[in-house]
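*Asks:* Structure: query.txt, compact mmCIF, C-alpha atoms.
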```txt
# COMPACT_ATOMS: atom_id res chain seq x y z
CA MET I 10 20.54 19.94 195.43
CA LYS I 11 17.67 21.05 197.66
CA LYS I 12 16.68 17.42 198.25
CA ALA I 13 20.24 16.54 199.31
CA ALA I 14 20.30 19.46 201.76
CA ILE I 15 17.00 18.36 203.27
CA LEU I 16 18.33 14.80 203.69
CA THR I 17 21.52 16.11 205.31
CA LEU I 18 19.55 18.30 207.69
CA GLY I 19 17.27 15.38 208.56
CA ALA I 20 20.22 13.13 209.29
CA PHE I 21 21.78 15.81 211.52
CA LEU I 22 18.54 16.26 213.46
CA LEU I 23 18.15 12.49 213.83
CA MET I 24 21.69 12.15 215.17
CA GLY I 25 21.12 15.00 217.57
CA SER I 26 17.86 13.50 218.73
CA SER I 27 19.56 10.12 219.24
CA ALA I 28 22.39 11.71 221.26
CA MET I 29 19.89 13.60 223.40
CA ALA I 30 17.91 10.42 224.02
CA GLN I 31 21.10 8.57 225.01
CA GLU I 32 22.06 11.41 227.34
CA ASN I 33 18.59 11.43 228.88
CA GLU I 34 18.87 7.69 229.49
CA GLU I 35 22.13 8.19 231.41
CA VAL I 36 20.99 11.13 233.57
CA ARG I 37 18.68 10.53 236.53
CA TYR I 38 17.15 12.98 238.94
CA ASN I 39 16.12 12.61 242.56
CA GLN I 40 12.77 13.75 243.98
CA TYR I 41 14.13 17.30 244.30
CA GLY I 42 15.05 17.54 240.62
CA VAL I 43 18.82 17.27 241.17
CA ALA I 44 20.89 15.14 238.79
CA VAL I 45 22.42 12.19 240.66
CA ASP I 46 25.37 9.86 240.17
CA ARG I 47 24.52 6.33 239.10
CA LYS I 48 26.22 3.03 239.83
CA GLU I 49 25.19 -0.41 238.72
CA LEU I 50 24.87 -2.69 241.76
CA HIS I 51 25.50 -6.40 242.10
CA ALA I 52 23.21 -8.30 244.49
CA GLU I 53 24.66 -11.16 246.50
CA ALA I 54 23.83 -13.22 249.60
CA ARG I 55 26.92 -13.46 251.81
CA ASN I 56 26.32 -15.96 254.58
CA ASN I 57 22.61 -15.25 253.99
CA ILE I 58 23.08 -11.49 254.43
CA LEU I 59 21.76 -9.46 251.47
CA VAL I 60 24.53 -7.25 250.05
CA LEU I 61 24.24 -4.73 247.22
CA GLU I 62 27.65 -3.61 245.94
CA SER I 63 28.99 -1.59 243.01
CA LYS I 64 31.53 -3.17 240.67
CA ASP I 65 34.30 -0.84 241.84
CA GLN I 66 33.35 -1.55 245.50
CA SER I 67 32.99 2.17 246.18
CA TYR I 68 29.43 1.64 247.42
CA LYS I 69 27.97 -1.18 249.49
CA LEU I 70 24.60 -1.51 251.20
CA TRP I 71 23.60 -4.48 253.33
CA MET I 72 20.97 -5.67 255.79
CA ASP I 73 21.75 -6.88 259.32
CA ASN I 74 18.58 -8.33 260.84
CA ARG I 75 17.97 -10.87 263.57
CA VAL I 76 15.13 -12.44 265.52
CA MET I 77 15.64 -14.07 268.93
CA VAL I 78 12.82 -15.97 270.64
CA ASP I 79 13.54 -16.87 274.28
CA GLY I 80 11.84 -19.11 276.80
CA ALA I 81 12.72 -19.87 280.42
CA THR I 82 11.55 -21.88 283.40
CA PHE I 83 12.58 -21.43 287.05
CA TRP I 84 12.54 -23.62 290.15
CA GLY I 85 14.10 -24.00 293.59
CA VAL I 86 12.63 -20.93 295.29
CA GLY I 87 10.77 -21.69 298.54
CA SER I 88 6.97 -21.77 298.40
CA ASP I 89 6.63 -18.72 300.67
CA TYR I 90 9.17 -16.65 298.73
CA ASP I 91 8.32 -14.42 295.75
CA ARG I 92 7.41 -16.63 292.82
CA ILE I 93 9.28 -16.38 289.52
CA GLY I 94 7.04 -16.76 286.51
CA ASN I 95 7.97 -18.96 283.55
CA GLY I 96 7.54 -17.42 280.14
CA ILE I 97 8.48 -16.80 276.54
CA SER I 98 9.28 -13.55 274.76
CA ILE I 99 10.69 -11.94 271.63
CA ARG I 100 14.05 -10.99 273.10
CA ARG I 101 15.22 -9.12 270.01
CA ALA I 102 13.62 -8.19 266.68
CA ARG I 103 16.34 -6.13 265.06
CA PHE I 104 16.33 -4.36 261.71
CA ALA I 105 19.48 -2.59 260.55
CA VAL I 106 20.67 -1.00 257.32
CA LYS I 107 24.40 -0.38 256.86
CA ALA I 108 26.29 1.34 254.05
CA GLN I 109 29.89 1.87 252.95
CA LEU I 110 30.02 5.16 251.03
CA GLY I 111 33.33 5.27 249.20
CA LYS I 112 36.43 4.08 251.00
CA ASP I 113 36.19 6.68 253.80
CA TRP I 114 32.57 6.96 254.95
CA TYR I 115 30.22 4.53 256.68
CA GLY I 116 26.65 4.90 257.95
CA GLU I 117 24.32 2.71 260.00
CA VAL I 118 20.79 2.74 261.40
CA ASP I 119 19.76 -0.09 263.75
CA MET I 120 16.47 -0.45 265.61
CA ASP I 121 14.76 -3.03 267.80
CA MET I 122 11.05 -3.89 268.02
CA ALA I 123 11.18 -6.68 270.62
CA ASP I 124 7.77 -7.47 272.16
CA GLY I 125 6.27 -4.64 270.11
CA LEU I 126 8.29 -1.84 271.77
CA PHE I 127 10.40 0.40 269.54
CA GLU I 128 13.94 1.23 270.64
CA LEU I 129 16.70 2.94 268.71
CA LYS I 130 20.00 1.07 268.85
CA ASP I 131 22.77 2.36 266.57
CA ALA I 132 22.69 5.56 264.50
CA ILE I 133 26.26 6.09 263.28
CA VAL I 134 28.22 8.36 260.97
CA GLU I 135 31.81 7.11 260.60
CA TYR I 136 34.90 8.46 258.84
CA ASP I 137 37.91 6.22 258.10
CA GLY I 138 39.95 8.52 255.86
CA VAL I 139 42.94 8.88 258.22
CA LYS I 140 45.42 6.00 258.24
CA ASN I 141 44.95 3.64 261.20
CA MET I 142 42.19 5.85 262.59
CA GLU I 143 38.41 5.63 262.93
CA PHE I 144 36.11 8.51 263.87
CA LYS I 145 32.44 8.07 264.56
CA VAL I 146 29.60 10.17 265.93
CA GLY I 147 26.03 9.24 266.80
CA ASN I 148 24.39 6.69 269.09
CA PHE I 149 26.49 3.57 269.68
CA LYS I 150 28.12 1.43 272.35
CA GLU I 151 30.90 3.01 274.35
CA ASP I 152 34.17 1.13 273.88
CA PHE I 153 34.50 -0.02 277.49
CA SER I 154 33.49 -3.65 278.16
CA MET I 155 34.47 -6.45 275.78
CA GLU I 156 31.31 -8.42 276.59
CA ARG I 157 29.06 -5.37 276.35
CA THR I 158 30.34 -4.33 272.90
CA THR I 159 30.09 -7.90 271.54
CA SER I 160 27.10 -8.13 269.22
CA SER I 161 24.15 -10.04 270.66
CA ARG I 162 24.37 -12.47 267.75
CA TYR I 163 27.82 -13.59 268.98
CA LEU I 164 27.16 -13.92 272.73
CA GLN I 165 28.48 -17.15 274.25
CA LEU I 166 25.55 -17.50 276.63
CA ILE I 167 21.99 -16.24 276.37
CA GLU I 168 22.52 -13.20 278.59
CA ARG I 169 25.57 -11.15 279.51
CA PRO I 170 27.08 -11.53 283.02
CA MET I 171 25.72 -9.41 285.86
CA VAL I 172 28.74 -7.10 286.21
CA THR I 173 28.47 -5.89 282.61
CA GLN I 174 24.71 -5.38 282.88
CA ALA I 175 24.98 -3.42 286.13
CA LEU I 176 28.17 -1.41 285.63
CA ALA I 177 29.37 -1.40 282.00
CA PRO I 178 27.96 1.45 279.85
CA SER I 179 26.09 0.54 276.70
CA ARG I 180 24.83 2.89 273.96
CA HIS I 181 25.01 6.65 274.42
CA LEU I 182 25.04 9.65 272.13
CA GLY I 183 28.60 10.80 271.55
CA PHE I 184 31.84 10.97 269.60
CA GLN I 185 34.69 8.46 269.56
CA ALA I 186 38.13 8.20 267.95
CA ALA I 187 39.93 4.86 267.71
CA TYR I 188 43.45 3.89 266.67
CA LEU I 189 44.55 0.48 265.42
CA ARG I 190 48.01 -0.59 264.32
CA ASP I 191 49.50 -4.06 264.23
CA HIS I 192 48.78 -5.55 267.65
CA PHE I 193 47.76 -2.35 269.50
CA ARG I 194 44.40 -0.59 269.68
CA ALA I 195 43.19 2.43 271.65
CA SER I 196 40.05 4.55 271.80
CA PHE I 197 38.76 7.69 273.45
CA GLY I 198 35.23 9.05 273.42
CA THR I 199 33.00 11.74 274.86
CA PHE I 200 29.43 10.64 275.50
CA PHE I 201 26.19 12.20 276.71
CA GLN I 202 22.69 10.89 277.43
CA GLU I 203 21.13 7.57 276.53
CA ILE I 204 18.91 7.56 273.45
CA ALA I 205 16.63 4.54 273.35
CA GLY I 206 12.90 5.23 273.39
CA SER I 207 10.23 7.80 274.26
CA GLU I 208 10.74 7.45 278.01
CA GLU I 209 14.39 8.53 277.98
CA ALA I 210 13.67 11.32 275.49
CA GLY I 211 10.88 12.63 277.74
CA TYR I 212 13.15 12.66 280.78
CA VAL I 213 15.85 14.64 278.94
CA GLN I 214 13.30 17.18 277.71
CA ASP I 215 11.65 17.56 281.13
CA ASN I 216 14.97 18.08 282.91
CA ASN I 217 15.91 20.71 280.32
CA LYS I 218 12.53 22.47 280.12
CA ASP I 219 11.58 22.54 283.79
CA PHE I 220 14.98 22.85 285.47
CA GLY I 221 17.48 23.97 282.80
CA ARG I 222 19.73 21.01 283.58
CA SER I 223 22.67 20.12 281.34
CA GLN I 224 22.71 16.59 279.98
CA GLY I 225 25.89 15.44 281.73
CA TYR I 226 28.84 13.75 280.06
CA SER I 227 31.20 10.78 280.17
CA LEU I 228 34.83 10.40 279.09
CA THR I 229 35.66 6.81 278.17
CA SER I 230 39.00 5.34 277.11
CA LYS I 231 40.41 1.89 276.44
CA VAL I 232 43.68 0.32 275.30
CA GLY I 233 44.32 -3.23 274.11
CA TRP I 234 47.35 -5.34 273.23
CA MET I 235 47.01 -8.28 270.81
CA PRO I 236 50.12 -10.22 269.80
CA TYR I 237 49.86 -12.91 267.11
CA THR I 238 47.35 -10.88 265.11
CA GLN I 239 48.48 -12.62 261.92
CA ASP I 240 47.58 -16.05 263.29
CA ARG I 241 43.87 -16.65 262.65
CA LYS I 242 43.67 -19.71 264.90
CA MET I 243 45.68 -18.68 267.95
CA GLY I 244 46.21 -15.55 270.02
CA PHE I 245 45.51 -13.64 273.19
CA TYR I 246 44.39 -10.17 274.17
CA LEU I 247 44.86 -7.90 277.20
CA GLY I 248 42.93 -4.68 277.77
CA ALA I 249 42.49 -1.90 280.31
CA LYS I 250 39.74 0.71 280.45
CA ALA I 251 38.47 3.69 282.43
CA SER I 252 35.51 6.08 282.30
CA TYR I 253 34.72 9.30 284.16
CA ARG I 254 30.95 9.84 284.35
CA THR I 255 28.67 12.58 285.64
CA PRO I 256 24.91 12.21 286.29
CA LYS I 257 22.75 12.38 283.14
CA THR I 258 19.30 13.80 282.46
CA ASP I 259 17.88 10.60 280.91
CA VAL I 260 16.27 9.82 284.30
CA SER I 261 13.14 11.18 285.98
CA THR I 262 13.44 14.72 287.32
CA SER I 263 13.20 13.47 290.93
CA ASP I 264 16.16 11.11 290.42
CA TYR I 265 18.46 13.66 288.78
CA GLY I 266 21.84 14.01 290.48
CA GLY I 267 21.85 10.40 291.60
CA MET I 268 23.02 7.08 290.19
CA ARG I 269 21.47 3.64 290.41
CA PHE I 270 23.08 0.26 289.76
CA SER I 271 20.93 -2.84 289.31
CA THR I 272 20.65 -6.06 287.32
CA ARG I 273 18.73 -9.27 286.89
CA ASN I 274 20.39 -12.57 287.75
CA SER I 275 19.35 -14.56 284.73
CA THR I 276 17.20 -14.11 281.63
CA SER I 277 15.09 -11.08 280.79
CA ILE I 278 11.98 -13.19 281.41
CA ASN I 279 12.63 -13.02 285.16
CA ARG I 280 11.84 -9.34 285.69
CA LYS I 281 12.91 -9.32 289.35
CA LYS I 282 16.05 -7.29 290.06
CA TYR I 283 17.23 -8.74 293.33
CA ILE I 284 20.51 -6.81 293.19
CA ASP I 285 19.69 -3.09 293.24
CA THR I 286 21.27 -0.12 295.04
CA ASP I 287 18.24 2.12 294.42
CA VAL I 288 19.12 5.72 293.58
CA ILE I 289 22.23 6.98 295.37
CA PRO I 290 21.66 10.75 295.77
CA ASN I 291 24.06 13.69 295.55
CA VAL I 292 26.55 12.03 293.20
CA HIS I 293 29.20 14.33 291.81
CA HIS I 294 30.68 11.71 289.46
CA ASN I 295 31.71 8.08 289.33
CA TRP I 296 34.81 6.39 288.01
CA LEU I 297 34.54 3.11 286.12
CA TYR I 298 37.71 1.08 285.66
CA GLY I 299 38.67 -2.46 284.80
CA ALA I 300 40.75 -5.01 282.96
CA GLU I 301 39.90 -7.72 280.43
CA ALA I 302 41.62 -10.67 278.84
CA ALA I 303 40.93 -13.23 276.14
CA ALA I 304 42.73 -16.17 274.58
CA TYR I 305 41.89 -18.61 271.80
CA TRP I 306 43.38 -21.69 270.24
CA ASN I 307 41.52 -23.48 267.45
CA GLY I 308 38.12 -24.36 268.95
CA LEU I 309 38.90 -23.20 272.49
CA LYS I 310 38.35 -19.68 273.85
CA LEU I 311 38.69 -18.05 277.25
CA GLN I 312 37.36 -14.62 278.22
CA SER I 313 37.34 -12.68 281.49
CA GLU I 314 36.66 -9.17 282.78
CA TRP I 315 36.90 -7.35 286.09
CA ILE I 316 35.01 -4.07 286.48
CA GLY I 317 34.90 -1.73 289.46
CA THR I 318 33.41 1.67 290.17
CA HIS I 319 33.90 4.44 292.70
CA VAL I 320 30.85 6.64 293.26
CA SER I 321 31.86 10.08 294.52
CA VAL I 322 29.41 11.60 297.03
CA PRO I 323 29.97 13.95 299.99
CA GLY I 324 31.99 11.89 302.45
CA GLU I 325 33.85 8.69 301.64
CA GLY I 326 32.00 7.54 298.51
CA TYR I 327 31.09 3.97 297.55
CA ASN I 328 32.93 1.16 295.80
CA PHE I 329 31.21 -1.64 293.88
CA GLY I 330 32.49 -4.27 291.47
CA GLY I 331 32.48 -7.75 290.06
CA TYR I 332 33.93 -10.08 287.47
CA TYR I 333 33.27 -13.09 285.26
CA VAL I 334 35.22 -15.92 283.64
CA GLN I 335 33.82 -17.87 280.70
CA LEU I 336 35.10 -20.72 278.58
CA GLY I 337 33.91 -22.02 275.21
CA TYR I 338 34.84 -24.99 273.03
CA ALA I 339 33.64 -26.03 269.55
CA LEU I 340 32.96 -29.77 269.79
CA PHE I 341 33.10 -30.71 266.10
CA GLY I 342 36.35 -29.20 264.88
CA GLY I 343 35.37 -25.56 264.46
CA HIS I 344 37.68 -22.71 265.42
CA GLN I 345 37.10 -19.37 267.11
CA HIS I 346 37.22 -15.95 265.45
CA PHE I 347 38.61 -12.88 267.25
CA ASN I 348 37.94 -9.41 265.82
CA VAL I 349 41.27 -7.61 266.20
CA ALA I 350 39.84 -4.21 265.23
CA GLU I 351 37.19 -4.31 267.96
CA GLY I 352 38.95 -6.50 270.54
CA GLU I 353 36.17 -9.09 270.88
CA PHE I 354 35.06 -12.54 269.75
CA THR I 355 32.73 -12.99 266.78
CA SER I 356 31.22 -16.15 265.27
CA ILE I 357 32.92 -19.53 265.20
CA ALA I 358 33.99 -21.17 261.93
CA PRO I 359 31.97 -24.43 261.97
CA GLY I 360 33.87 -27.68 261.79
CA LYS I 361 31.18 -29.51 259.77
CA LYS I 362 29.14 -28.68 256.69
CA TRP I 363 25.96 -28.69 258.78
CA GLY I 364 27.49 -26.44 261.45
CA ASP I 365 28.88 -27.09 264.92
CA VAL I 366 28.05 -27.33 268.62
CA GLU I 367 29.75 -25.13 271.22
CA LEU I 368 30.01 -25.98 274.92
CA ASN I 369 30.15 -22.92 277.22
CA LEU I 370 30.77 -22.48 280.95
CA ARG I 371 30.72 -19.30 283.03
CA TYR I 372 31.06 -18.07 286.59
CA ASP I 373 30.09 -14.48 287.33
CA TYR I 374 29.95 -12.42 290.52
CA LEU I 375 28.68 -8.93 291.43
CA ASP I 376 28.85 -7.03 294.73
CA LEU I 377 26.81 -3.82 295.24
CA ASN I 378 27.27 -3.64 299.01
CA HIS I 379 29.42 -0.93 300.58
CA ARG I 380 29.10 1.06 303.78
CA ASP I 381 25.43 2.04 304.22
CA VAL I 382 24.36 0.96 300.70
CA TYR I 383 23.10 -2.63 300.63
CA GLY I 384 22.39 -3.32 296.99
CA GLY I 385 23.13 -7.00 297.42
CA SER I 386 25.61 -9.41 295.89
CA GLY I 387 25.15 -12.54 293.86
CA GLU I 388 26.83 -15.20 291.79
CA ASN I 389 25.80 -17.36 288.85
CA TYR I 390 27.04 -20.74 287.67
CA THR I 391 26.08 -21.27 284.03
CA ALA I 392 26.50 -24.09 281.51
CA GLY I 393 25.23 -23.92 277.95
CA LEU I 394 25.21 -25.45 274.49
CA ASN I 395 25.04 -23.45 271.26
CA PHE I 396 23.89 -25.27 268.13
CA TYR I 397 25.06 -23.53 264.94
CA LEU I 398 23.06 -24.74 261.94
CA GLY I 399 24.60 -23.21 258.83
CA ASN I 400 25.43 -19.50 258.80
CA SER I 401 22.13 -18.05 260.00
CA VAL I 402 20.40 -20.34 262.48
CA LYS I 403 21.44 -20.72 266.10
CA MET I 404 19.77 -22.52 268.98
CA ALA I 405 20.96 -22.25 272.57
CA ILE I 406 20.13 -23.89 275.89
CA ASN I 407 21.48 -22.64 279.24
CA TYR I 408 21.28 -24.03 282.76
CA MET I 409 21.98 -21.50 285.54
CA TYR I 410 22.17 -21.69 289.31
CA SER I 411 21.79 -18.22 290.88
CA CYS I 412 22.71 -17.51 294.48
CA ASN I 413 22.13 -14.11 296.16
CA ASP I 414 23.01 -12.78 299.59
CA ARG I 415 20.45 -11.53 302.13
CA TYR I 416 20.92 -7.91 301.05
CA ALA I 417 19.66 -8.71 297.53
CA ASN I 418 16.04 -7.88 298.29
CA GLY I 419 15.11 -5.69 295.31
CA LYS I 420 15.14 -2.41 297.25
CA GLY I 421 13.34 -4.00 300.19
CA LYS I 422 10.49 -5.53 298.17
CA LEU I 423 11.54 -9.18 297.75
CA VAL I 424 11.52 -11.87 300.43
CA ILE I 425 15.02 -13.05 301.37
CA GLY I 426 14.33 -15.24 304.43
CA HIS I 427 12.28 -15.73 307.58
CA ASP I 428 12.14 -13.75 310.81
CA ALA I 429 12.21 -15.12 314.36
CA THR I 430 8.49 -16.01 314.20
CA GLY I 431 8.95 -17.96 310.96
CA LYS I 432 7.24 -15.41 308.73
CA PRO I 433 8.73 -14.47 305.36
CA THR I 434 10.56 -11.14 305.43
CA ALA I 435 12.27 -8.78 302.99
CA ASP I 436 14.11 -7.03 305.85
CA PHE I 437 17.66 -8.44 306.10
CA THR I 438 17.99 -7.06 309.65
CA LYS I 439 15.14 -9.32 310.82
CA ALA I 440 15.96 -12.48 308.89
CA VAL I 441 17.23 -15.37 311.01
CA GLU I 442 16.83 -18.01 308.31
CA PRO I 443 18.73 -18.79 306.23
CA LYS I 444 21.73 -18.32 308.50
CA GLY I 445 24.80 -16.42 307.40
CA LYS I 446 24.63 -14.18 304.36
CA GLY I 447 22.41 -16.43 302.26
CA GLY I 448 19.37 -15.02 300.48
CA VAL I 449 17.33 -16.11 297.46
CA SER I 450 18.76 -18.95 295.36
CA TYR I 451 17.12 -20.64 292.40
CA ASN I 452 17.68 -22.68 289.22
CA SER I 453 16.68 -21.88 285.66
CA ILE I 454 16.76 -23.35 282.18
CA ALA I 455 16.54 -20.95 279.25
CA VAL I 456 16.37 -21.60 275.52
CA ARG I 457 16.82 -19.36 272.50
CA PHE I 458 15.91 -19.75 268.83
CA GLU I 459 17.72 -17.27 266.61
CA VAL I 460 17.88 -16.46 262.93
CA ASP I 461 20.18 -13.85 261.37
CA PHE I 462 19.60 -12.50 257.87
```
If you convert what's in this file into structure tokens, what do you get?
*Replies:*
Amino acid sequence: MKKAAILTLGAFLLMGSSAMAQENEEVRYNQYGVAVDRKELHAEARNNILVLESKDQSYKLWMDNRVMVDGATFWGVGSDYDRIGNGISIRRARFAVKAQLGKDWYGEVDMDMADGLFELKDAIVEYDGVKNMEFKVGNFKEDFSMERTTSSRYLQLIERPMVTQALAPSRHLGFQAAYLRDHFRASFGTFFQEIAGSEEAGYVQDNNKDFGRSQGYSLTSKVGWMPYTQDRKMGFYLGAKASYRTPKTDVSTSDYGGMRFSTRNSTSINRKKYIDTDVIPNVHHNWLYGAEAAAYWNGLKLQSEWIGTHVSVPGEGYNFGGYYVQLGYALFGGHQHFNVAEGEFTSIAPGKKWGDVELNLRYDYLDLNHRDVYGGSGENYTAGLNFYLGNSVKMAINYMYSCNDRYANGKGKLVIGHDATGKPTADFTKAVEPKGKGGVSYNSIAVRFEVDF
């Protein structure tokens, strides 16, 4: 009897020990000693992007990395003008981690280390729990310009057109709400200073510490209309946008209260900014406004934007603006993809197993001259080929002819012609050659090697 009781007690203790061991195997703790939920993840490469996803799809983590190596050569500038140096650079070295947390929450961190310089890109917290709505806060691109918000991996040509680089806002710290239903989309956001690297952060801190200056703000809104959203191979898009902007503190303390508009003509390798207003002082605010359009049919796509700005200063103010038109065509049977939710083009669907080749053409124009501000104007004629090799490798070659007016002298530092004695001059009031409004013109060929993973 006693032996049977001992055996029964032993069996009970063994079962209890087994249950405790099983429970201990199921429970995990984080570094702070808190029990955590566990999900088994499935690893998969989707178009060569690493994705980790739970079986119920309530959790997904993926990488979004890219490397772009650019090279460019320039010719056509007169021997006594400012020389443009040929070169090669790491245009982008991006590392991003993105996560879907349940059906309602999304997070993203994206950074760039091009040429060894760290820069924060996206840092986003997003909530999608309201039907047809999207709310996000953090550092991200303002929903203003179609070409500006298009990911760099999907750009038609190596660089964006001048008007978007000079006028269209990019990433700023802020909050944005967006609405999408059927063929209509709209967004509204409040944004503050630029967050990129140590320089901008130092400016914001100095303006706050030394002068008690507020950071400034922007109110940006956009609407878009997209019929034929159910047709994946055909459609068109029309959009309108506006932004009210006050001076920010992400500039040096001596430049606070002013605004500056400038851009390069061609690739980032040419560091000369011929078109540059310099700092316009005593700005109360500026209005950005514009319209955009896109159309696609199988392998053909057309995209255009017009952007203008009014800079409000004591007196009459200043008006600047520009536009671009670009055309693309997949040569080997591929078709274009348009992202209805974002109102922009993404990658093409290749027509061949090995990939496809896309022919691209663009004309773009920018004018930063008005009243007593002579920032210069210029135009570019660009032709390019994109070689898509599988889902991750892209090679591009662009030819560009850039033509500037005589006011495009890089704030008075760059030669734009010759004076009456035949000497090179950067002063447009003294230049007699070239005649008319002509300034610096040149040709360039740029190449890019890109891998996305």
*Asks:* Do you have the atom CA of Val460 of chain I-atom CA of Ser154 of chain I distance handy?
*Replies:*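 Distance reported for this atom pair: 25.3 Å.
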*Asks:* Which residues, protein or nucleic acid, reach to within 10 Å of (18.2, -24.5, 287.3) in the file's coordinates when using all atoms listed in the file, and can you give that as an MDAnalysis selection string?
*Replies:* chainID I and resid 81:85 390:391 407:411 450:455
*Asks:* Of the candidates I:Lys444, I:His294, I:Arg269, I:Lys218, which one gets nearest to Lys420 of chain I if we count only C-alpha atoms?
*Replies:*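 Comparing I:Lys444, I:His294, I:Arg269, I:Lys218 against Lys420 of chain I, the winner is I:Arg269.
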*Asks:* Near Gly445 of chain I, within 12 Å and counting only C-alpha atoms, which residues show up once chain neighbours fewer than 5 positions away are dropped, as a PyMOL selection string?
*Replies:* chain I and resi 413-416+425-426+437-438+440
*Asks:* Would you work out the distance separating atom CA of Ile93 of chain I from atom CA of Arg273 of chain I, expressed in Å to one decimal?
*Replies:* 12.1 Å
*Asks:* Report as a PyMOL selection string all protein, DNA and RNA residues lying within 9 Å of Asn378 of chain I, evaluated on all atoms listed in the file, omitting residues in the same chain fewer than 4 positions from it.
*Replies:* chain I and resi 286+327-329+382-386+416
*Asks:* Grab the residues selected above and save them as a JSON list (two decimals), in the coordinates of the input with C-alpha atoms.
*Replies:*
```json
[["chain", "number", "residue", "atom", "x", "y", "z"],
["I", 286, "THR", "CA", 21.27, -0.12, 295.04],
["I", 327, "TYR", "CA", 31.09, 3.97, 297.55],
["I", 328, "ASN", "CA", 32.93, 1.16, 295.80],
["I", 329, "PHE", "CA", 31.21, -1.64, 293.88],
["I", 382, "VAL", "CA", 24.36, 0.96, 300.70],
["I", 383, "TYR", "CA", 23.10, -2.63, 300.63],
["I", 384, "GLY", "CA", 22.39, -3.32, 296.99],
["I", 385, "GLY", "CA", 23.13, -7.00, 297.42],
["I", 386, "SER", "CA", 25.61, -9.41, 295.89],
["I", 416, "TYR", "CA", 20.92, -7.91, 301.05]]
```
*Asks:* May I have the residues within 7 Å of segment 363-375 of chain I as a CSV table (one decimal) with C-alpha atoms, in the coordinates of the input, using all atoms listed in the file and disregarding those fewer than 5 positions away in the same chain?
*Replies:*
```
chain,number,residue,atom,x,y,z
I,165,GLN,CA,28.5,-17.2,274.2
I,170,PRO,CA,27.1,-11.5,283.0
I,171,MET,CA,25.7,-9.4,285.9
I,172,VAL,CA,28.7,-7.1,286.2
I,330,GLY,CA,32.5,-4.3,291.5
I,331,GLY,CA,32.5,-7.8,290.1
I,332,TYR,CA,33.9,-10.1,287.5
I,333,TYR,CA,33.3,-13.1,285.3
I,334,VAL,CA,35.2,-15.9,283.6
I,335,GLN,CA,33.8,-17.9,280.7
I,336,LEU,CA,35.1,-20.7,278.6
I,337,GLY,CA,33.9,-22.0,275.2
I,338,TYR,CA,34.8,-25.0,273.0
I,339,ALA,CA,33.6,-26.0,269.6
I,340,LEU,CA,33.0,-29.8,269.8
I,341,PHE,CA,33.1,-30.7,266.1
I,343,GLY,CA,35.4,-25.6,264.5
I,386,SER,CA,25.6,-9.4,295.9
I,387,GLY,CA,25.2,-12.5,293.9
I,388,GLU,CA,26.8,-15.2,291.8
I,389,ASN,CA,25.8,-17.4,288.8
I,390,TYR,CA,27.0,-20.7,287.7
I,391,THR,CA,26.1,-21.3,284.0
I,392,ALA,CA,26.5,-24.1,281.5
I,393,GLY,CA,25.2,-23.9,278.0
I,394,LEU,CA,25.2,-25.4,274.5
I,395,ASN,CA,25.0,-23.4,271.3
I,396,PHE,CA,23.9,-25.3,268.1
I,397,TYR,CA,25.1,-23.5,264.9
I,398,LEU,CA,23.1,-24.7,261.9
I,399,GLY,CA,24.6,-23.2,258.8
```
